[in-house]
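Q: Dropping in work.txt, which is compact mmCIF, C-alpha atoms (C1' of nucleotides) and all ligand atoms:
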# COMPACT_ATOMS: atom_id res chain seq x y z
CA MET X 1 19.74 -29.85 14.76
CA LYS X 2 17.46 -31.17 12.04
CA ASP X 3 18.10 -29.98 8.57
CA ILE X 4 15.58 -28.05 6.53
CA LEU X 5 14.28 -31.06 4.59
CA GLU X 6 13.53 -32.96 7.79
CA ARG X 7 11.75 -29.94 9.24
CA LEU X 8 9.65 -29.58 6.12
CA LYS X 9 8.76 -33.26 6.24
CA ASP X 10 7.77 -32.94 9.88
CA LYS X 11 5.49 -30.08 8.94
CA GLY X 12 3.74 -32.28 6.39
CA VAL X 13 5.04 -30.48 3.32
CA SER X 14 5.33 -32.70 0.29
CA LEU X 15 8.94 -32.85 -0.72
CA THR X 16 8.99 -32.46 -4.46
CA PRO X 17 12.34 -32.33 -6.26
CA GLN X 18 11.87 -28.61 -6.96
CA ARG X 19 11.12 -27.75 -3.34
CA MET X 20 14.03 -29.81 -2.14
CA ALA X 21 16.36 -28.09 -4.57
CA ILE X 22 15.16 -24.64 -3.53
CA ALA X 23 15.29 -25.42 0.18
CA GLU X 24 18.75 -26.94 -0.05
CA PHE X 25 20.06 -24.11 -2.16
CA LEU X 26 18.84 -21.60 0.41
CA SER X 27 20.18 -23.55 3.36
CA LYS X 28 23.66 -23.42 1.87
CA CYS X 29 23.31 -19.84 0.67
CA LYS X 30 25.35 -17.15 2.41
CA ASN X 31 23.81 -14.10 0.80
CA HIS X 32 20.35 -12.73 -0.03
CA PRO X 33 19.22 -13.95 -3.43
CA THR X 34 16.31 -12.75 -5.51
CA ALA X 35 13.76 -15.17 -6.96
CA ASP X 36 15.29 -15.03 -10.41
CA GLU X 37 18.82 -15.56 -9.07
CA ILE X 38 17.62 -18.77 -7.43
CA HIS X 39 15.82 -19.72 -10.62
CA LYS X 40 18.88 -19.16 -12.82
CA VAL X 41 21.12 -21.28 -10.59
CA LEU X 42 18.68 -24.17 -10.30
CA GLN X 43 17.81 -24.24 -13.98
CA ALA X 44 21.23 -25.74 -14.63
CA LYS X 45 20.14 -28.86 -12.73
CA TYR X 46 16.39 -28.64 -13.37
CA PRO X 47 15.94 -27.19 -16.85
CA THR X 48 12.14 -27.26 -16.67
CA MET X 49 11.82 -25.45 -13.36
CA SER X 50 9.65 -22.38 -13.75
CA LEU X 51 10.00 -19.04 -12.01
CA ALA X 52 6.44 -19.39 -10.69
CA THR X 53 7.52 -22.50 -8.81
CA VAL X 54 10.38 -20.58 -7.23
CA TYR X 55 8.01 -17.84 -6.11
CA SER X 56 5.52 -20.30 -4.71
CA ALA X 57 8.18 -22.29 -2.86
CA LEU X 58 9.56 -19.07 -1.39
CA GLU X 59 6.06 -18.09 -0.25
CA LEU X 60 5.66 -21.48 1.40
CA LEU X 61 9.02 -21.32 3.13
CA LYS X 62 8.17 -17.84 4.36
CA GLU X 63 4.86 -18.99 5.83
CA LEU X 64 6.61 -21.88 7.54
CA GLY X 65 9.13 -19.51 9.08
CA GLU X 66 12.08 -21.10 7.31
CA ILE X 67 13.15 -17.95 5.52
CA GLN X 68 12.20 -14.25 5.43
CA GLU X 69 11.74 -11.66 2.76
CA LEU X 70 13.72 -8.47 3.33
CA SER X 71 12.17 -5.02 3.21
CA ILE X 72 14.95 -3.70 1.06
CA ARG X 73 15.22 -4.65 -2.57
CA LYS X 74 18.08 -5.28 -4.94
CA ARG X 75 17.57 -3.43 -8.23
CA GLY X 76 13.81 -3.39 -7.68
CA LYS X 77 13.61 -7.08 -6.87
CA ALA X 78 12.61 -8.76 -3.61
CA CYS X 79 15.45 -10.35 -1.64
CA PHE X 80 15.09 -13.52 0.40
CA ASP X 81 17.04 -14.34 3.52
CA PRO X 82 17.79 -17.99 4.38
CA ASN X 83 17.91 -16.87 8.01
CA PRO X 84 14.37 -16.28 9.31
CA ASP X 85 15.48 -14.56 12.52
CA ILE X 86 15.35 -10.80 12.73
CA HIS X 87 18.82 -9.44 12.23
CA HIS X 88 20.45 -6.47 10.61
CA HIS X 89 21.96 -5.76 7.23
CA LEU X 90 24.55 -3.64 5.58
CA LEU X 91 24.02 -2.39 2.07
CA CYS X 92 27.32 -1.62 0.41
CA LYS X 93 27.13 1.62 -1.53
CA LYS X 94 30.00 0.52 -3.76
CA CYS X 95 29.16 -3.01 -4.86
CA GLY X 96 25.49 -3.21 -3.92
CA LYS X 97 25.91 -6.38 -1.86
CA ILE X 98 23.66 -6.95 1.14
CA LEU X 99 25.51 -8.41 4.13
CA GLY X 100 23.96 -9.93 7.23
CA MET X 101 25.27 -8.38 10.45
CA GLU X 102 25.84 -10.49 13.49
CA PHE X 103 25.61 -8.07 16.39
CA ASP X 104 22.53 -7.89 18.56
CA TYR X 105 21.18 -4.44 17.87
CA PRO X 106 18.10 -4.17 20.08
CA ARG X 107 19.62 -5.51 23.25
CA THR X 108 22.69 -3.33 23.04
CA CYS X 109 20.69 -0.18 22.43
CA PRO X 110 19.09 1.28 25.55
CA ILE X 111 16.39 3.19 23.77
CA ILE X 112 15.38 0.08 21.89
CA ALA X 113 15.67 -2.17 24.92
CA GLN X 114 12.53 -0.42 26.19
CA ASP X 115 9.55 -1.97 24.56
CA THR X 116 7.61 1.26 24.21
CA ILE X 117 8.67 4.41 22.35
CA ASN X 118 6.49 7.44 21.63
CA GLY X 119 3.53 5.43 22.91
CA CYS X 120 4.12 2.67 20.37
CA LYS X 121 4.80 -0.93 21.30
CA ILE X 122 8.04 -2.17 19.74
CA GLU X 123 8.17 -5.85 18.96
CA GLU X 124 11.03 -6.19 16.49
CA VAL X 125 13.78 -4.02 15.11
CA GLN X 126 15.44 -4.40 11.79
CA ALA X 127 18.25 -2.00 10.99
CA TYR X 128 19.64 -1.22 7.58
CA LEU X 129 23.16 0.11 7.69
CA TYR X 130 24.37 1.94 4.62
CA GLY X 131 28.09 2.06 4.10
CA ILE X 132 31.00 0.26 2.51
CA CYS X 133 31.72 -3.42 2.97
CA SER X 134 35.10 -4.75 4.06
CA GLU X 135 35.94 -6.08 0.59
CA CYS X 136 35.35 -2.71 -1.05
CA LEU X 137 37.28 -0.94 1.71
CA LYS X 138 40.19 -3.28 1.04
CA LYS X 139 40.07 -2.57 -2.70
CA GLU X 140 40.10 1.15 -1.99
CA SER X 141 43.10 1.01 0.32
CA ASP X 142 44.97 -1.25 -2.15
CA LYS X 143 44.46 1.32 -4.89
CA LYS X 144 45.81 4.13 -2.74
CA GLY X 145 48.81 1.92 -1.90
CA MET T 146 13.83 29.08 7.41
CA LYS T 147 12.92 29.34 3.76
CA ASP T 148 10.03 27.28 2.58
CA ILE T 149 10.32 24.59 -0.02
CA LEU T 150 9.17 26.77 -2.94
CA GLU T 151 11.80 29.38 -2.19
CA ARG T 152 14.48 26.74 -1.94
CA LEU T 153 13.44 25.25 -5.27
CA LYS T 154 13.50 28.69 -6.86
CA ASP T 155 16.99 29.31 -5.45
CA LYS T 156 18.10 26.05 -7.03
CA GLY T 157 16.87 27.23 -10.42
CA VAL T 158 13.97 24.82 -10.70
CA SER T 159 11.11 26.12 -12.76
CA LEU T 160 8.07 26.38 -10.59
CA THR T 161 5.21 24.96 -12.59
CA PRO T 162 1.78 24.68 -10.99
CA GLN T 163 2.09 20.90 -10.80
CA ARG T 164 5.47 21.00 -9.09
CA MET T 165 4.31 23.63 -6.66
CA ALA T 166 1.26 21.57 -5.79
CA ILE T 167 3.34 18.44 -5.25
CA ALA T 168 6.00 20.25 -3.22
CA GLU T 169 3.44 22.03 -1.06
CA PHE T 170 1.45 18.88 -0.50
CA LEU T 171 4.57 17.09 0.68
CA SER T 172 5.71 19.93 2.90
CA LYS T 173 2.42 19.76 4.78
CA CYS T 174 2.27 15.99 4.75
CA LYS T 175 2.78 14.18 8.04
CA ASN T 176 2.95 10.65 6.71
CA HIS T 177 4.67 8.71 3.95
CA PRO T 178 2.57 8.77 0.80
CA THR T 179 2.95 6.69 -2.33
CA ALA T 180 3.05 8.30 -5.76
CA ASP T 181 -0.53 7.37 -6.50
CA GLU T 182 -1.77 8.66 -3.15
CA ILE T 183 -0.27 12.04 -3.99
CA HIS T 184 -1.75 11.83 -7.45
CA LYS T 185 -5.24 11.01 -6.19
CA VAL T 186 -5.26 13.89 -3.73
CA LEU T 187 -3.98 16.46 -6.21
CA GLN T 188 -6.27 15.39 -9.03
CA ALA T 189 -9.13 17.01 -7.14
CA LYS T 190 -7.48 20.39 -7.71
CA TYR T 191 -5.62 19.60 -10.95
CA PRO T 192 -7.81 17.16 -12.88
CA THR T 193 -5.34 16.88 -15.76
CA MET T 194 -2.31 16.06 -13.63
CA SER T 195 -0.77 12.77 -14.74
CA LEU T 196 0.87 10.14 -12.60
CA ALA T 197 4.02 10.44 -14.72
CA THR T 198 4.30 14.06 -13.62
CA VAL T 199 4.07 13.02 -9.99
CA TYR T 200 6.82 10.45 -10.47
CA SER T 201 9.07 12.90 -12.25
CA ALA T 202 8.54 15.61 -9.64
CA LEU T 203 9.33 13.12 -6.89
CA GLU T 204 12.51 12.11 -8.70
CA LEU T 205 13.51 15.76 -8.96
CA LEU T 206 12.79 16.48 -5.29
CA LYS T 207 14.80 13.42 -4.34
CA GLU T 208 17.80 14.56 -6.37
CA LEU T 209 17.57 18.00 -4.79
CA GLY T 210 17.59 16.46 -1.32
CA GLU T 211 14.15 17.80 -0.45
CA ILE T 212 12.59 14.40 0.17
CA GLN T 213 13.68 10.77 0.36
CA GLU T 214 12.33 7.48 -0.85
CA LEU T 215 12.03 4.85 1.86
CA SER T 216 13.45 1.34 1.55
CA ILE T 217 10.26 -0.21 2.80
CA ARG T 218 7.14 -0.28 0.68
CA LYS T 219 3.45 -0.02 1.37
CA ARG T 220 1.53 -2.79 -0.42
CA GLY T 221 4.30 -3.10 -2.98
CA LYS T 222 4.47 0.62 -3.66
CA ALA T 223 7.34 3.03 -3.06
CA CYS T 224 6.85 5.43 -0.14
CA PHE T 225 8.14 8.97 -0.09
CA ASP T 226 9.19 10.86 3.00
CA PRO T 227 8.84 14.66 3.11
CA ASN T 228 11.72 14.64 5.57
CA PRO T 229 15.01 14.04 3.74
CA ASP T 230 17.03 13.46 6.92
CA ILE T 231 17.85 9.94 7.98
CA HIS T 232 15.49 8.86 10.69
CA HIS T 233 13.67 5.76 11.79
CA HIS T 234 10.24 4.33 11.26
CA LEU T 235 7.65 2.19 12.91
CA LEU T 236 5.47 -0.10 10.83
CA CYS T 237 2.25 -0.83 12.65
CA LYS T 238 1.33 -4.51 12.33
CA LYS T 239 -2.35 -3.70 12.94
CA CYS T 240 -3.15 -0.78 10.65
CA GLY T 241 -0.16 -0.83 8.32
CA LYS T 242 0.71 2.82 8.90
CA ILE T 243 4.32 3.93 8.74
CA LEU T 244 5.25 6.41 11.45
CA GLY T 245 8.38 8.55 11.64
CA MET T 246 10.27 8.18 14.90
CA GLU T 247 11.93 11.13 16.50
CA PHE T 248 14.66 9.68 18.67
CA ASP T 249 18.25 9.70 17.54
CA TYR T 250 19.00 6.04 17.18
CA PRO T 251 22.67 6.02 16.19
CA ARG T 252 23.87 8.29 18.95
CA THR T 253 21.98 6.48 21.69
CA CYS T 254 23.12 3.10 20.49
CA PRO T 255 26.72 2.40 21.45
CA ILE T 256 27.41 -0.31 18.92
CA ILE T 257 26.23 1.94 16.15
CA ALA T 258 28.08 4.98 17.41
CA GLN T 259 31.24 3.23 16.23
CA ASP T 260 31.71 3.89 12.57
CA THR T 261 33.12 0.45 11.78
CA ILE T 262 31.46 -2.90 12.42
CA ASN T 263 32.70 -6.28 11.20
CA GLY T 264 35.25 -4.42 9.10
CA CYS T 265 32.51 -2.45 7.30
CA LYS T 266 32.32 1.32 7.32
CA ILE T 267 28.91 2.51 8.54
CA GLU T 268 27.69 5.78 7.11
CA GLU T 269 23.95 5.79 7.76
CA VAL T 270 21.49 3.75 9.74
CA GLN T 271 17.80 3.30 9.08
CA ALA T 272 15.90 1.26 11.60
CA TYR T 273 12.53 -0.25 10.99
CA LEU T 274 10.64 -0.98 14.15
CA TYR T 275 7.80 -3.44 13.84
CA GLY T 276 5.08 -3.17 16.43
CA ILE T 277 1.79 -1.50 17.24
CA CYS T 278 1.18 2.23 16.99
CA SER T 279 -0.30 4.27 19.82
CA GLU T 280 -3.67 4.64 18.09
CA CYS T 281 -4.08 0.90 17.65
CA LEU T 282 -2.93 0.29 21.22
CA LYS T 283 -5.61 2.71 22.40
CA LYS T 284 -8.29 0.95 20.37
CA GLU T 285 -7.24 -2.37 21.86
CA SER T 286 -7.35 -1.17 25.44
CA ASP T 287 -10.74 0.53 24.82
CA LYS T 288 -12.16 -2.75 23.58
CA LYS T 289 -10.94 -4.62 26.63
CA GLY T 290 -12.46 -1.86 28.77
C1' DA J 291 4.50 42.30 -25.86
C1' DG J 292 5.49 38.74 -29.26
C1' DA J 293 8.31 35.03 -31.32
C1' DA J 294 11.43 31.37 -30.76
C1' DA J 295 13.61 28.03 -27.94
C1' DA J 296 13.69 25.16 -24.00
C1' DA J 297 11.55 22.65 -20.62
C1' DA J 298 7.64 20.27 -18.64
C1' DA J 299 3.16 17.86 -18.72
C1' DT J 300 0.31 14.61 -20.75
C1' DA J 301 -1.44 10.20 -22.66
C1' DG J 302 -0.34 6.11 -23.77
C1' DA J 303 2.88 2.43 -24.58
C1' DA J 304 6.50 -0.33 -22.80
C1' DG J 305 9.05 -2.76 -19.24
C1' DA J 306 9.77 -5.39 -15.21
C1' DA J 307 8.44 -7.98 -11.16
C1' DT J 308 4.98 -10.62 -9.27
C1' DT J 309 0.61 -13.15 -9.05
C1' DA J 310 -3.23 -15.70 -11.07
C1' DT J 311 -5.16 -19.18 -14.17
C1' DA J 312 -5.80 -23.36 -16.51
C1' DA J 313 -3.82 -27.51 -18.20
C1' DT J 314 -0.68 -31.17 -17.30
C1' DC J 315 1.99 -33.93 -14.36
C1' DT J 316 3.29 -36.02 -9.74
C1' DT J 317 2.61 -37.61 -5.36
C1' DG J 318 0.93 -40.47 -1.92
C1' DA J 319 -2.94 -42.79 0.24
C1' DA J 320 -6.27 -46.45 -0.36
C1' DT H 321 -2.64 -49.88 -9.40
C1' DT H 322 -5.98 -46.34 -9.11
C1' DC H 323 -7.43 -41.98 -8.15
C1' DA H 324 -7.93 -37.62 -5.86
C1' DA H 325 -5.30 -33.94 -4.14
C1' DG H 326 -1.67 -31.21 -4.74
C1' DA H 327 2.36 -29.28 -7.40
C1' DT H 328 4.48 -27.60 -11.59
C1' DT H 329 4.36 -25.52 -15.85
C1' DA H 330 3.38 -22.20 -19.50
C1' DT H 331 1.05 -18.43 -20.24
C1' DA H 332 -1.80 -14.57 -19.29
C1' DA H 333 -2.96 -10.89 -16.23
C1' DT H 334 -1.83 -7.40 -12.95
C1' DT H 335 0.63 -3.83 -10.81
C1' DC H 336 4.04 -0.43 -10.32
C1' DT H 337 7.26 2.38 -12.68
C1' DT H 338 9.66 4.31 -16.62
C1' DC H 339 9.89 5.77 -21.34
C1' DT H 340 8.37 8.08 -25.66
C1' DA H 341 6.11 11.07 -28.67
C1' DT H 342 3.17 14.89 -28.72
C1' DT H 343 1.18 18.92 -26.87
C1' DT H 344 1.38 22.63 -23.72
C1' DT H 345 3.64 25.79 -20.80
C1' DT H 346 7.45 28.48 -19.38
C1' DT H 347 11.48 31.10 -20.24
C1' DT H 348 14.42 33.83 -23.04
C1' DC H 349 15.39 37.13 -26.42
C1' DT H 350 14.28 40.96 -29.30
MN MN X 401 20.53 -11.67 6.38
MN MN X 402 9.64 9.53 8.03
ZN ZN X 403 31.06 -3.67 -1.27
ZN ZN X 404 -1.68 1.14 13.98
Is it possible to give me this structure as structure tokens?
Ligand SMILES: [Mn+2]
Ligand SMILES: [Mn+2]
Ligand SMILES: [Zn+2]
Ligand SMILES: [Zn+2]
A:
Amino acid sequence: MKDILERLKDKGVSLTPQRMAIAEFLSKCKNHPTADEIHKVLQAKYPTMSLATVYSALELLKELGEIQELSIRKRGKACFDPNPDIHHHLLCKKCGKILGMEFDYPRTCPIIAQDTINGCKIEEVQAYLYGICSECLKKESDKKG
Amino acid sequence: MKDILERLKDKGVSLTPQRMAIAEFLSKCKNHPTADEIHKVLQAKYPTMSLATVYSALELLKELGEIQELSIRKRGKACFDPNPDIHHHLLCKKCGKILGMEFDYPRTCPIIAQDTINGCKIEEVQAYLYGICSECLKKESDKKG
DNA sequence: AGAAAAAAATAGAAGAATTATAATCTTGAA
DNA sequence: TTCAAGATTATAATTCTTCTATTTTTTTCT
């Protein structure tokens, strides 16, 4: 499969150093960073990069379907997901992390497998699971011994 | 069942006119208003009511478990749900309305009925369904004739 | 009821995230 | 290389929410 920079090139996007850095950072990113988290990390390499550039690159990548913005927010800030496909997330009540979940929610759920509920046409489902992540569970059980 | 004002009284909350107005408005409300929507409506009756009062009353009602704040936002604004129980929502792609959904998602969805997934403990599930509401569907079919 | 204390409402300022603007710089085509 | 179009930057503006100081209302106590 082509990597993100090739796809952007194919789509006629001009590949500036800032955009490349943001796209590459996201493609290697395993969590759900906010705009300022991305900005802070990349400033080490690109000291002049502005937050406005990060926002505008994220907007572009969103429009191109390379990433998505989540509905949930981390401390009031928008979170971006390097994976543009609809999938589900767990918010850990202990550590606040947002984890992507692999299972296929809609297809395994009969009521959602229908495409109409209460007279409404369902096109996509995004579930937010609230709970405790495996790391925090481990810490808890370690404490109890 | 007791109404919201009685419950607030039982909990020792002082029932000021503003709080009563906000609580009663919410108890009769069938959708998911933002703070400023509530404020606009109530200003007709209470011209001096400030937006800060609305926010603080909402915070109080949230803490008391009388309402909940949704994870999703309407045009960047927080949405409040008069129903404090976990349930699911449809966001209409056409009109932008947020509709409460009645069905019991977790129990009808086998994978979610488990309380552990990927080593994470699941305590609550909120599903956001993206699609088209019944009203908008009707409008569409009317147009097509 | 009336006075004092506590709590709440208000107006406005402050804060934080995001978006818009204008100037400067870069890119890429001719 | 030249030049127009587009991107980045710094800064200002905007929007939503929270905070603060002051005023007003409610509650408590006599
Ligand atoms: Mn994800
Ligand atoms: Mn609801
Ligand atoms: Zn955790
Ligand atoms: Zn609709």
Q: Would you kindly return, as a list in words, each protein, DNA or RNA residue with an atom no farther than 8 Å from any atom of stretch 38-53 of chain X, considering only C-alpha atoms (C1' of nucleotides) and excluding same-chain residues fewer than 5 positions away?
A: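 My list of contacting residues is Gln18, Ala21, Ile22, Phe25 and Pro33 of chain X; DT328 and DT329 of chain H.
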Q: Extract, using all atoms listed in the file, all DNA, RNA and protein residues at most 8 Å from T:Cys265, discarding same-chain residues fewer than 3 positions from it, and format them as an MDAnalysis selection string.
A: (chainID X and resid 131:134 137) or (chainID T and resid 261:262)
Q: Quick one: of T:Asn228, T:Glu151, T:Leu160, T:Ser201, who's nearest to H:DC339, counting all atoms listed in the file?
A: T:Ser201
Q: Which residues are close to X:Glu123, i.e. within 8 Å by all atoms listed in the file, leaving aside same-chain residues fewer than 2 positions away? Reply as a VMD selection string.
A: (chain X and resid 115 121 125) or (chain T and resid 274 to 277)
Q: Distance limit 12 Å, atoms considered: all atoms listed in the file. Which chain J residues sit that close to chain X? Return them as a compact mmCIF listing (two decimals) with C-alpha atoms (C1' of nucleotides), in the frame of the given file.
A:
# COMPACT_ATOMS: atom_id res chain seq x y z
C1' DA J 306 9.77 -5.39 -15.21
C1' DA J 307 8.44 -7.98 -11.16
C1' DT J 308 4.98 -10.62 -9.27
C1' DT J 309 0.61 -13.15 -9.05
C1' DA J 310 -3.23 -15.70 -11.07
C1' DT J 316 3.29 -36.02 -9.74
C1' DT J 317 2.61 -37.61 -5.36
C1' DG J 318 0.93 -40.47 -1.92
Q: Can you check which residues of chain T have any atom within 12 Å of chain X? Use only C-alpha atoms and format it as a ChimeraX atom specification.
A: /T:214-223,231-239,242-258,260-283
Q: Output the contact residues of chain H with respect to chain X at a cut-off of 12 Å, based on all atoms listed in the file, as an MDAnalysis selection string.
A: chainID H and resid 325:331 336:337
Q: Take the selection from the previous step and output its residues with C-alpha atoms (C1' of nucleotides), as a compact mmCIF listing (two decimals), keeping the file's coordinate frame.
A:
# COMPACT_ATOMS: atom_id res chain seq x y z
C1' DA H 325 -5.30 -33.94 -4.14
C1' DG H 326 -1.67 -31.21 -4.74
C1' DA H 327 2.36 -29.28 -7.40
C1' DT H 328 4.48 -27.60 -11.59
C1' DT H 329 4.36 -25.52 -15.85
C1' DA H 330 3.38 -22.20 -19.50
C1' DT H 331 1.05 -18.43 -20.24
C1' DC H 336 4.04 -0.43 -10.32
C1' DT H 337 7.26 2.38 -12.68
Q: Please, what distance in Å, to one decimal, runs between atom MN of ligand MN 402 (chain X) and atom CA of T:Asn176?
A: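 Distance reported for this atom pair: 6.9 Å.
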Q: Output file request: stretch 294-310 of chain J, with N, CA, C and O atoms (P, O5', C5', C4', C3', O3' and C1' of nucleotides), as a tab-separated table (two decimals), in the first residue's frame.
A:
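The new file out24.tsv reads:
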chain	number	residue	atom	x	y	z
J	294	DA	P	-27.83	43.67	62.18
J	294	DA	O5'	-27.37	42.18	61.85
J	294	DA	C5'	-27.49	41.19	62.88
J	294	DA	C4'	-26.94	39.87	62.34
J	294	DA	C3'	-25.63	40.02	61.57
J	294	DA	O3'	-24.78	38.94	61.95
J	294	DA	C1'	-27.28	39.03	60.17
J	295	DA	P	-23.36	38.67	61.21
J	295	DA	O5'	-23.70	37.40	60.30
J	295	DA	C5'	-24.29	36.26	60.93
J	295	DA	C4'	-24.50	35.19	59.88
J	295	DA	C3'	-23.26	34.92	59.03
J	295	DA	O3'	-23.11	33.50	58.93
J	295	DA	C1'	-25.10	35.47	57.64
J	296	DA	P	-21.96	32.85	58.03
J	296	DA	O5'	-22.82	32.37	56.77
J	296	DA	C5'	-23.97	31.55	56.99
J	296	DA	C4'	-24.59	31.23	55.65
J	296	DA	C3'	-23.58	30.73	54.62
J	296	DA	O3'	-24.12	29.55	54.05
J	296	DA	C1'	-24.83	32.55	53.75
J	297	DA	P	-23.31	28.78	52.91
J	297	DA	O5'	-24.17	29.16	51.62
J	297	DA	C5'	-25.59	29.07	51.69
J	297	DA	C4'	-26.17	29.67	50.43
J	297	DA	C3'	-25.47	29.20	49.15
J	297	DA	O3'	-26.47	28.69	48.31
J	297	DA	C1'	-25.65	31.57	49.20
J	298	DA	P	-26.15	28.24	46.84
J	298	DA	O5'	-26.61	29.52	46.01
J	298	DA	C5'	-27.95	29.97	46.15
J	298	DA	C4'	-28.21	31.11	45.19
J	298	DA	C3'	-27.79	30.82	43.75
J	298	DA	O3'	-28.86	31.23	42.92
J	298	DA	C1'	-26.77	32.81	44.50
J	299	DA	P	-28.76	31.23	41.37
J	299	DA	O5'	-28.56	32.78	41.08
J	299	DA	C5'	-29.59	33.69	41.42
J	299	DA	C4'	-29.31	35.04	40.81
J	299	DA	C3'	-29.01	35.02	39.31
J	299	DA	O3'	-29.70	36.10	38.71
J	299	DA	C1'	-27.17	35.94	40.51
J	300	DT	P	-29.58	36.34	37.18
J	300	DT	O5'	-28.51	37.51	37.06
J	300	DT	C5'	-28.75	38.74	37.74
J	300	DT	C4'	-27.53	39.62	37.64
J	300	DT	C3'	-27.01	39.78	36.22
J	300	DT	O3'	-27.23	41.11	35.80
J	300	DT	C1'	-25.23	39.37	37.80
J	301	DA	P	-26.99	41.54	34.33
J	301	DA	O5'	-25.50	42.11	34.38
J	301	DA	C5'	-25.18	43.12	35.31
J	301	DA	C4'	-23.71	43.46	35.18
J	301	DA	C3'	-23.24	43.61	33.73
J	301	DA	O3'	-22.42	44.78	33.67
J	301	DA	C1'	-21.96	41.93	34.82
J	302	DG	P	-21.79	45.28	32.30
J	302	DG	O5'	-20.28	44.84	32.44
J	302	DG	C5'	-19.62	44.99	33.70
J	302	DG	C4'	-18.38	44.15	33.71
J	302	DG	C3'	-17.62	44.14	32.37
J	302	DG	O3'	-16.27	44.50	32.63
J	302	DG	C1'	-17.90	41.95	33.17
J	303	DA	P	-15.20	44.63	31.45
J	303	DA	O5'	-14.03	43.71	32.01
J	303	DA	C5'	-13.82	43.66	33.43
J	303	DA	C4'	-13.01	42.41	33.75
J	303	DA	C3'	-11.84	42.19	32.80
J	303	DA	O3'	-10.72	41.77	33.56
J	303	DA	C1'	-13.25	40.30	32.78
J	304	DA	P	-9.32	41.49	32.85
J	304	DA	O5'	-9.23	39.89	32.88
J	304	DA	C5'	-9.65	39.19	34.04
J	304	DA	C4'	-9.52	37.71	33.77
J	304	DA	C3'	-8.31	37.36	32.90
J	304	DA	O3'	-7.69	36.23	33.48
J	304	DA	C1'	-10.30	36.50	31.93
J	305	DG	P	-6.35	35.62	32.90
J	305	DG	O5'	-6.86	34.28	32.19
J	305	DG	C5'	-7.83	33.49	32.84
J	305	DG	C4'	-8.12	32.25	32.03
J	305	DG	C3'	-6.97	31.80	31.13
J	305	DG	O3'	-6.83	30.41	31.32
J	305	DG	C1'	-8.96	32.15	29.84
J	306	DA	P	-5.70	29.58	30.58
J	306	DA	O5'	-6.50	28.88	29.39
J	306	DA	C5'	-7.71	28.16	29.70
J	306	DA	C4'	-8.27	27.60	28.42
J	306	DA	C3'	-7.19	27.13	27.44
J	306	DA	O3'	-7.58	25.89	26.91
J	306	DA	C1'	-8.59	28.72	26.41
J	307	DA	P	-6.61	25.11	25.90
J	307	DA	O5'	-7.49	25.17	24.57
J	307	DA	C5'	-8.74	24.50	24.56
J	307	DA	C4'	-9.45	24.83	23.28
J	307	DA	C3'	-8.71	24.38	22.01
J	307	DA	O3'	-9.65	23.68	21.21
J	307	DA	C1'	-9.26	26.69	21.90
J	308	DT	P	-9.17	23.01	19.87
J	308	DT	O5'	-9.54	24.11	18.79
J	308	DT	C5'	-10.91	24.53	18.68
J	308	DT	C4'	-11.01	25.75	17.80
J	308	DT	C3'	-10.45	25.55	16.39
J	308	DT	O3'	-11.57	25.53	15.52
J	308	DT	C1'	-9.93	27.69	17.31
J	309	DT	P	-11.39	25.50	13.95
J	309	DT	O5'	-11.37	27.05	13.54
J	309	DT	C5'	-12.47	27.86	13.93
J	309	DT	C4'	-12.26	29.25	13.37
J	309	DT	C3'	-11.89	29.29	11.89
J	309	DT	O3'	-12.74	30.26	11.31
J	309	DT	C1'	-10.33	30.53	13.15
J	310	DA	P	-12.62	30.68	9.78
J	310	DA	O5'	-11.95	32.13	9.82
J	310	DA	C5'	-12.51	33.12	10.66
J	310	DA	C4'	-11.73	34.41	10.50
J	310	DA	C3'	-11.36	34.77	9.06
J	310	DA	O3'	-11.58	36.16	8.92
J	310	DA	C1'	-9.40	34.63	10.38
